[in-house]
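Chemist: Next comes input-v2.txt, compact mmCIF, C-alpha atoms and all ligand atoms:
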```txt
# COMPACT_ATOMS: atom_id res chain seq x y z
CA MET A 682 49.66 -61.70 -4.67
CA SER A 683 46.73 -62.33 -6.99
CA ASN A 684 43.71 -60.19 -7.07
CA SER A 685 41.39 -63.11 -6.28
CA SER A 686 43.15 -64.07 -3.07
CA ARG A 687 43.08 -60.52 -1.76
CA SER A 688 39.70 -59.38 -3.00
CA PRO A 689 37.26 -61.15 -0.62
CA GLN A 690 38.91 -59.85 2.51
CA PHE A 691 39.33 -56.40 1.03
CA ILE A 692 35.72 -56.21 -0.01
CA ASP A 693 34.43 -57.50 3.32
CA GLU A 694 36.24 -54.76 5.18
CA LYS A 695 35.00 -52.20 2.74
CA VAL A 696 31.48 -53.56 2.97
CA VAL A 697 31.41 -53.19 6.75
CA SER A 698 32.23 -49.56 6.29
CA PHE A 699 29.36 -49.28 3.80
CA LEU A 700 26.68 -49.96 6.39
CA GLY A 701 24.71 -46.87 7.30
CA ASN A 702 25.90 -44.94 4.28
CA ARG A 703 23.20 -42.82 2.77
CA PHE A 704 22.71 -42.09 -0.94
CA GLY A 705 19.76 -39.80 -1.48
CA ARG A 706 16.84 -41.66 0.07
CA LEU A 707 18.71 -44.96 0.32
CA VAL A 708 20.58 -46.22 3.36
CA VAL A 709 22.77 -49.35 3.26
CA THR A 710 21.27 -51.75 5.80
CA ALA A 711 23.05 -55.06 5.08
CA PHE A 712 25.66 -56.75 2.99
CA ILE A 713 24.07 -59.60 1.07
CA GLY A 714 26.93 -61.10 -0.86
CA LYS A 715 29.19 -60.75 -3.82
CA LEU A 716 28.55 -61.37 -7.46
CA ALA A 717 30.75 -64.10 -8.81
CA GLU A 718 31.68 -61.91 -11.67
CA ARG A 719 34.27 -59.33 -10.64
CA GLY A 720 33.32 -59.67 -6.96
CA ARG A 721 30.88 -56.86 -6.88
CA SER A 722 29.05 -56.36 -3.57
CA ILE A 723 25.32 -56.72 -3.36
CA CYS A 724 23.73 -54.75 -0.53
CA GLU A 725 20.35 -54.27 1.00
CA PHE A 726 19.14 -50.68 0.92
CA LYS A 727 16.25 -49.26 2.80
CA CYS A 728 14.50 -46.31 1.13
CA ASP A 729 12.99 -43.43 3.10
CA CYS A 730 9.62 -44.43 1.69
CA GLY A 731 9.92 -47.80 3.42
CA ASN A 732 10.79 -49.98 0.44
CA VAL A 733 13.73 -52.36 0.67
CA ILE A 734 15.75 -53.07 -2.44
CA TYR A 735 18.84 -55.13 -3.30
CA ARG A 736 21.38 -53.62 -5.63
CA ARG A 737 25.06 -53.54 -6.42
CA TYR A 738 26.68 -51.15 -4.00
CA SER A 739 28.66 -49.50 -6.75
CA ALA A 740 25.54 -48.93 -8.84
CA ILE A 741 23.88 -47.00 -6.03
CA ALA A 742 27.00 -45.18 -4.93
CA THR A 743 27.42 -43.74 -8.40
CA LYS A 744 24.65 -41.53 -9.62
CA SER A 745 23.73 -43.87 -12.46
CA GLY A 746 22.11 -46.22 -10.00
CA GLY A 747 19.55 -43.69 -8.83
CA ARG A 748 19.05 -42.33 -5.36
CA SER A 749 15.82 -43.98 -4.33
CA CYS A 750 13.99 -47.26 -4.66
CA GLY A 751 12.29 -45.71 -7.68
CA CYS A 752 9.82 -43.63 -5.71
CA ILE A 753 11.45 -40.34 -6.75
CA ARG A 754 10.86 -41.13 -10.39
CA ILE A 755 7.25 -42.10 -9.68
CA GLU A 756 6.66 -38.91 -7.73
CA ARG A 757 8.15 -36.79 -10.48
CA ALA A 758 6.01 -38.52 -13.04
CA ARG A 759 2.94 -37.84 -10.93
CA VAL A 760 3.81 -34.16 -10.58
CA ALA A 761 4.51 -33.88 -14.30
CA THR A 762 1.17 -35.48 -15.06
CA ILE A 763 -0.70 -33.10 -12.79
CA LYS A 764 1.15 -30.17 -14.31
CA ALA A 765 0.33 -31.34 -17.79
CA LEU A 766 -3.31 -31.70 -16.85
CA THR A 767 -3.61 -28.30 -15.22
CA LYS A 768 -0.92 -26.48 -17.22
CA HIS A 769 0.00 -24.33 -14.24
CA GLY A 770 0.02 -26.79 -11.37
CA MET A 771 -2.05 -24.54 -9.13
CA THR A 772 -5.47 -26.09 -9.39
CA ALA A 773 -5.83 -26.61 -5.67
CA THR A 774 -4.60 -23.15 -4.67
CA PRO A 775 -6.82 -20.34 -3.30
CA GLU A 776 -5.72 -18.15 -6.22
CA HIS A 777 -7.08 -20.69 -8.68
CA SER A 778 -10.31 -20.98 -6.70
CA SER A 779 -10.70 -17.20 -6.85
CA TRP A 780 -10.12 -17.26 -10.58
CA ALA A 781 -12.68 -20.02 -11.06
CA SER A 782 -15.25 -18.19 -8.89
CA MET A 783 -14.66 -15.00 -10.82
CA LYS A 784 -15.42 -16.80 -14.08
CA GLY A 785 -18.56 -18.28 -12.55
CA ARG A 786 -19.82 -14.87 -11.43
CA CYS A 787 -19.28 -13.40 -14.87
CA TYR A 788 -20.19 -16.19 -17.24
CA ASN A 789 -22.29 -18.83 -15.51
CA LYS A 790 -25.92 -17.77 -15.43
CA ASN A 791 -26.56 -20.41 -12.78
CA ASP A 792 -24.01 -18.84 -10.43
CA HIS A 793 -25.73 -17.32 -7.39
CA ALA A 794 -23.84 -14.04 -7.94
CA TRP A 795 -24.21 -13.87 -11.72
CA SER A 796 -26.89 -11.15 -11.68
CA ARG A 797 -24.50 -8.77 -9.89
CA TYR A 798 -21.60 -9.51 -12.24
CA GLY A 799 -22.17 -11.05 -15.66
CA GLY A 800 -25.80 -10.01 -15.44
CA ARG A 801 -24.83 -6.34 -15.34
CA GLY A 802 -22.08 -6.56 -17.90
CA ILE A 803 -19.00 -7.24 -15.77
CA SER A 804 -16.58 -9.26 -17.87
CA ILE A 805 -13.08 -10.69 -17.62
CA TYR A 806 -10.10 -9.64 -19.70
CA PRO A 807 -10.06 -12.34 -22.43
CA ALA A 808 -6.48 -13.46 -21.78
CA TRP A 809 -7.32 -14.00 -18.11
CA ARG A 810 -10.56 -15.75 -18.76
CA SER A 811 -8.86 -18.38 -20.86
CA ASP A 812 -5.63 -18.68 -18.88
CA PHE A 813 -5.27 -18.76 -15.12
CA SER A 814 -1.51 -18.22 -15.41
CA ALA A 815 -1.98 -14.86 -17.11
CA PHE A 816 -4.38 -13.75 -14.37
CA TYR A 817 -2.06 -14.95 -11.64
CA LYS A 818 0.94 -13.27 -13.23
CA HIS A 819 -0.88 -9.95 -13.00
CA ILE A 820 -2.46 -10.19 -9.57
CA GLY A 821 0.15 -12.30 -7.80
CA PRO A 822 -0.26 -14.51 -4.74
CA ARG A 823 -3.09 -13.89 -2.31
CA PRO A 824 -1.56 -12.07 0.69
CA THR A 825 -3.76 -13.67 3.35
CA PRO A 826 -6.89 -15.81 3.51
CA GLU A 827 -8.78 -12.61 4.35
CA HIS A 828 -8.08 -11.21 0.88
CA SER A 829 -10.23 -11.77 -2.16
CA VAL A 830 -10.23 -10.48 -5.71
CA ASP A 831 -11.51 -6.94 -5.87
CA ARG A 832 -12.17 -4.58 -8.73
CA ILE A 833 -10.72 -1.15 -8.00
CA ASP A 834 -13.48 0.46 -10.03
CA ASN A 835 -16.43 -1.49 -8.69
CA ASP A 836 -18.24 -1.10 -11.97
CA GLY A 837 -15.30 -1.85 -14.19
CA ASN A 838 -14.33 -5.22 -15.52
CA TYR A 839 -11.83 -7.74 -14.28
CA GLU A 840 -9.04 -6.36 -16.41
CA PRO A 841 -5.43 -5.18 -16.11
CA GLY A 842 -5.17 -2.24 -13.74
CA ASN A 843 -8.56 -2.85 -12.16
CA VAL A 844 -7.98 -5.88 -9.96
CA ARG A 845 -6.23 -6.35 -6.66
CA TRP A 846 -6.36 -8.52 -3.58
CA ALA A 847 -8.40 -6.69 -0.97
CA THR A 848 -9.79 -7.35 2.49
CA PRO A 849 -13.55 -7.15 3.10
CA ARG A 850 -12.96 -3.77 4.77
CA GLN A 851 -11.12 -2.41 1.74
CA GLN A 852 -13.85 -3.68 -0.52
CA ALA A 853 -16.59 -2.06 1.56
CA CYS A 854 -14.76 1.29 1.43
CA ASN A 855 -14.42 0.90 -2.29
CA ARG A 856 -18.11 0.30 -2.80
CA ARG A 857 -19.08 3.33 -0.77
CA ASN A 858 -17.23 5.38 -3.36
CA SER A 859 -19.67 4.41 -6.08
CA ILE A 860 -21.34 7.52 -7.41
CA TYR A 861 -24.57 7.29 -9.33
CA ILE A 862 -25.68 9.80 -11.91
CA GLU A 863 -28.75 10.18 -14.01
CA VAL A 864 -28.43 10.63 -17.74
CA ASN A 865 -31.41 10.81 -20.05
CA GLY A 866 -33.53 9.49 -17.22
CA GLU A 867 -31.32 6.47 -16.63
CA LEU A 868 -29.56 6.00 -13.29
CA ALA A 869 -26.17 4.27 -13.30
CA VAL A 870 -22.72 4.46 -11.78
CA VAL A 871 -20.37 7.05 -13.23
CA SER A 872 -17.89 4.66 -14.77
CA ARG A 873 -20.59 2.61 -16.43
CA MET A 874 -22.32 5.68 -17.78
CA ALA A 875 -19.01 7.09 -19.03
CA ARG A 876 -18.30 3.86 -20.87
CA LYS A 877 -21.78 3.73 -22.33
CA TYR A 878 -21.46 7.20 -23.83
CA GLY A 879 -17.76 6.92 -24.65
CA VAL A 880 -16.72 9.79 -22.39
CA PRO A 881 -13.40 9.68 -20.47
CA VAL A 882 -14.38 8.81 -16.91
CA GLN A 883 -11.85 11.26 -15.45
CA LEU A 884 -13.54 14.09 -17.35
CA VAL A 885 -16.91 13.09 -15.93
CA TYR A 886 -15.57 13.03 -12.38
CA LYS A 887 -13.94 16.41 -12.92
CA ARG A 888 -17.22 17.90 -14.10
CA LEU A 889 -19.17 16.34 -11.24
CA ARG A 890 -16.73 17.84 -8.74
CA ARG A 891 -17.52 21.22 -10.28
CA GLY A 892 -21.20 20.64 -9.62
CA TRP A 893 -22.31 19.61 -13.07
CA CYS A 894 -25.30 17.32 -13.15
CA GLY A 895 -25.19 13.91 -14.81
CA ASP A 896 -26.71 14.91 -18.13
CA ASP A 897 -24.21 17.71 -18.62
CA ALA A 898 -21.23 15.78 -17.31
CA ILE A 899 -21.87 13.03 -19.83
CA LEU A 900 -23.54 14.73 -22.78
CA VAL A 901 -21.70 18.04 -23.14
CA PRO A 902 -18.79 17.51 -25.57
CA ASN A 903 -15.32 17.89 -24.11
CA GLY A 904 -14.28 21.57 -24.31
CA ALA A 905 -17.80 22.82 -25.00
CA ALA A 906 -19.69 25.23 -22.77
CA ARG A 907 -21.72 23.65 -20.08
CA THR A 908 -25.29 24.65 -20.78
CA PRO A 909 -26.57 24.66 -24.33
CA PRO A 910 -29.25 27.31 -24.61
CA SER A 911 -31.82 24.82 -25.84
CA THR A 912 -31.55 22.63 -22.74
CA PRO A 913 -34.80 22.75 -20.82
CA PRO A 914 -34.35 24.08 -17.29
CA SER A 915 -35.98 21.06 -15.69
CA HIS A 916 -32.93 20.13 -13.66
CA ARG A 917 -31.29 23.54 -13.61
CA SER A 918 -32.69 24.25 -10.16
CA SER A 919 -30.13 21.89 -8.74
CA ASP A 920 -27.21 23.73 -10.27
CA ASN A 921 -25.82 24.69 -6.95
CA ALA A 922 -26.53 21.42 -5.25
CA PRO A 923 -24.24 18.46 -5.80
CA CYS A 924 -26.01 16.54 -8.50
CA PRO A 925 -24.41 13.14 -8.13
CA ILE A 926 -26.26 10.96 -5.69
CA PRO A 927 -23.90 8.88 -3.61
CA VAL A 928 -25.69 5.62 -3.08
CA SER A 929 -24.57 3.38 -0.30
CA SER A 930 -24.50 -0.12 -1.62
CA ASP A 931 -23.30 -1.89 1.48
CA SER A 932 -25.83 -4.60 1.00
CA LYS A 933 -23.91 -5.75 -2.05
CA GLN A 934 -21.91 -8.81 -1.42
CA THR A 935 -18.16 -8.82 -1.74
CA ASP A 936 -16.37 -10.33 -4.63
CA GLU A 937 -15.61 -13.90 -3.84
ZN ZN B 1 11.45 -45.17 -2.07
```
Take the structure in the file and write it out as structure tokens.
Ligand SMILES: [Zn+2]
Modeler:
Amino acid sequence: MSNSSRSPQFIDEKVVSFLGNRFGRLVVTAFIGKLAERGRSICEFKCDCGNVIYRRYSAIATKSGGRSCGCIRIERARVATIKALTKHGMTATPEHSSWASMKGRCYNKNDHAWSRYGGRGISIYPAWRSDFSAFYKHIGPRPTPEHSVDRIDNDGNYEPGNVRWATPRQQACNRRNSIYIEVNGELAVVSRMARKYGVPVQLVYKRLRRGWCGDDAILVPNGAARTPPSTPPSHRSSDNAPCPIPVSSDSKQTDE
């Protein structure tokens, strides 16, 4: 029995069994005919995307023929393009929006919140400012839509160790903890003052808890006695009163 006399019947039976077979996104919907050469079957395939294509059955059934009308490749190319354009592929995410807003607050003088951020020296860790991925890697995904980027030390910068996702309630509590002190006639928050004078902020807090006033907490060298004899007694009367003035700053807006 020759191959040619047996083949047509054999293929027809096989082809009937092909109908409905699925390969990736393609489903065999009809048998169209056979190629003269080697009797290969041509079938109609319907793709999940709606396209209809005609291909050799064997080409689709083996991986080399692809598993869609071509739409998978187009989709992948589109995704790759977007990724290449944005580098991280998260442009449309809330995390990226938060990052972009943060940069606006700190570096765009036209931003409505700039005066409360960039305008008073709040900056962003350089690696985060230039690269969303680095920022995201540190802070992670936003837990809920209620959360926004918060600085743990409300007067510190957006930098490693000082950012977290926080709810408006957490942020309000955080702001109430701001303690203002007066040094050389200037009123500012403890952390800012400590930075300005290069004093460890923990030392300043420790001294304030002991009742030291702002000038002493900041200006007396670490390890030195509290009151230099030459210090005028102008503010000495408050020695026993807590010197730091807790200032409620609830009217401040939350980080966005
Ligand atoms: Zn398709």
Chemist: What residues have any atom no more than 7 Å from ligand ZN 1 (chain B) when counting only C-alpha atoms and all ligand atoms, and can you list them as a PyMOL selection string?
Modeler: chain A and resi 706+728-732+749-753
Chemist: Hey, can you check how far atom CA of A:Ile899 sits from atom CA of A:Gly879?
Modeler: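 If I compute the distance from atom CA of A:Ile899 to atom CA of A:Gly879, I get 8.8 Å.
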Chemist: Using Å and a single decimal, report how far atom CA of A:Arg797 sits from atom CA of A:Gln851.
Modeler: 18.8 Å
Chemist: Between atom CA of A:Glu827 and atom CA of A:Ala853, what distance in Å does the model show, to one decimal?
Modeler: 13.4 Å
Chemist: Find the residue from A:Ala761, A:Val870, A:Arg832, A:Trp780 that sits nearest to A:Ser811; use all atoms listed in the file when measuring.
Modeler: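 Residue with the minimum atom-to-atom distance to A:Ser811: A:Trp780.
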Chemist: Taking (-14.8, -17.3, -5.4) in the file's coordinates as the center, which residues reach within 10 Å of it, counting only C-alpha atoms, put as a list in words?
Modeler: Pro775, Glu776, His777, Ser778, Ser779, Trp780, Ala781, Ser782, Met783, Lys784, Gly785, Arg786, Ala794, Ser829, Val830, Thr935, Asp936 and Glu937 of chain A
Chemist: Would you mind exporting the chosen residues as a compact mmCIF listing (two decimals), in the coordinates of the input, restricted to C-alpha atoms?
Modeler:
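See selection.txt below for the written result:
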```txt
# COMPACT_ATOMS: atom_id res chain seq x y z
CA PRO A 775 -6.82 -20.34 -3.30
CA GLU A 776 -5.72 -18.15 -6.22
CA HIS A 777 -7.08 -20.69 -8.68
CA SER A 778 -10.31 -20.98 -6.70
CA SER A 779 -10.70 -17.20 -6.85
CA TRP A 780 -10.12 -17.26 -10.58
CA ALA A 781 -12.68 -20.02 -11.06
CA SER A 782 -15.25 -18.19 -8.89
CA MET A 783 -14.66 -15.00 -10.82
CA LYS A 784 -15.42 -16.80 -14.08
CA GLY A 785 -18.56 -18.28 -12.55
CA ARG A 786 -19.82 -14.87 -11.43
CA ALA A 794 -23.84 -14.04 -7.94
CA SER A 829 -10.23 -11.77 -2.16
CA VAL A 830 -10.23 -10.48 -5.71
CA THR A 935 -18.16 -8.82 -1.74
CA ASP A 936 -16.37 -10.33 -4.63
CA GLU A 937 -15.61 -13.90 -3.84
```
Chemist: Using only C-alpha atoms, find the one residue out of A:Gly714, A:Pro849, A:Gly799, A:Gly705 that sits nearest to A:Lys727.
Modeler: A:Gly705
Chemist: Given the point (-14.0, -10.2, -19.4) in the coordinates of this file, which residues lie within 8 Å, counting all atoms listed in the file, and how would they look as a ChimeraX atom specification?
Modeler: /A:787,803-807,809-810,838-840
Chemist: With N, CA and C atoms as the goal, would you fill in the gaps in stretch 877-903 of chain A and present it as a compact mmCIF listing (two decimals), in the coordinates of the input?
Modeler:
```txt
# COMPACT_ATOMS: atom_id res chain seq x y z
N LYS A 877 -20.64 3.84 -21.42
CA LYS A 877 -21.78 3.73 -22.33
C LYS A 877 -21.78 4.85 -23.37
N TYR A 878 -21.42 6.06 -22.91
CA TYR A 878 -21.46 7.20 -23.83
C TYR A 878 -20.08 7.52 -24.43
N GLY A 879 -19.08 6.72 -24.08
CA GLY A 879 -17.76 6.92 -24.65
C GLY A 879 -17.08 8.20 -24.19
N VAL A 880 -17.34 8.58 -22.95
CA VAL A 880 -16.72 9.79 -22.39
C VAL A 880 -15.63 9.35 -21.40
N PRO A 881 -14.45 10.04 -21.43
CA PRO A 881 -13.40 9.68 -20.47
C PRO A 881 -13.92 9.84 -19.04
N VAL A 882 -13.78 8.80 -18.25
CA VAL A 882 -14.38 8.81 -16.91
C VAL A 882 -13.77 9.91 -16.04
N GLN A 883 -12.48 10.20 -16.25
CA GLN A 883 -11.85 11.26 -15.45
C GLN A 883 -12.49 12.63 -15.73
N LEU A 884 -12.88 12.84 -16.99
CA LEU A 884 -13.54 14.09 -17.35
C LEU A 884 -14.88 14.19 -16.64
N VAL A 885 -15.60 13.08 -16.59
CA VAL A 885 -16.91 13.09 -15.93
C VAL A 885 -16.75 13.42 -14.45
N TYR A 886 -15.79 12.77 -13.80
CA TYR A 886 -15.57 13.03 -12.38
C TYR A 886 -15.21 14.51 -12.14
N LYS A 887 -14.37 15.02 -13.05
CA LYS A 887 -13.94 16.41 -12.92
C LYS A 887 -15.15 17.34 -12.99
N ARG A 888 -16.03 17.06 -13.93
CA ARG A 888 -17.22 17.90 -14.10
C ARG A 888 -18.15 17.78 -12.89
N LEU A 889 -18.28 16.55 -12.39
CA LEU A 889 -19.17 16.34 -11.24
C LEU A 889 -18.65 17.10 -10.02
N ARG A 890 -17.32 17.11 -9.88
CA ARG A 890 -16.73 17.84 -8.74
C ARG A 890 -17.05 19.33 -8.84
N ARG A 891 -17.20 19.79 -10.08
CA ARG A 891 -17.52 21.22 -10.28
C ARG A 891 -19.00 21.50 -10.12
N GLY A 892 -19.78 20.44 -9.85
CA GLY A 892 -21.20 20.64 -9.62
C GLY A 892 -22.09 20.40 -10.84
N TRP A 893 -21.49 19.90 -11.90
CA TRP A 893 -22.31 19.61 -13.07
C TRP A 893 -23.25 18.46 -12.72
N CYS A 894 -24.42 18.45 -13.36
CA CYS A 894 -25.30 17.32 -13.15
C CYS A 894 -24.95 16.23 -14.16
N GLY A 895 -25.54 15.08 -14.00
CA GLY A 895 -25.19 13.91 -14.81
C GLY A 895 -25.34 14.13 -16.30
N ASP A 896 -26.48 14.71 -16.70
CA ASP A 896 -26.71 14.91 -18.13
C ASP A 896 -25.59 15.74 -18.75
N ASP A 897 -25.25 16.84 -18.08
CA ASP A 897 -24.21 17.71 -18.62
C ASP A 897 -22.84 17.04 -18.59
N ALA A 898 -22.54 16.39 -17.47
CA ALA A 898 -21.23 15.78 -17.31
C ALA A 898 -20.97 14.74 -18.40
N ILE A 899 -22.01 14.08 -18.83
CA ILE A 899 -21.87 13.03 -19.83
C ILE A 899 -22.09 13.55 -21.26
N LEU A 900 -23.09 14.40 -21.42
CA LEU A 900 -23.54 14.73 -22.78
C LEU A 900 -22.86 15.95 -23.40
N VAL A 901 -22.35 16.85 -22.57
CA VAL A 901 -21.70 18.04 -23.14
C VAL A 901 -20.33 17.63 -23.68
N PRO A 902 -20.07 17.91 -24.97
CA PRO A 902 -18.79 17.51 -25.57
C PRO A 902 -17.62 18.13 -24.81
N ASN A 903 -16.52 17.41 -24.80
CA ASN A 903 -15.32 17.89 -24.11
C ASN A 903 -14.90 19.24 -24.70
```
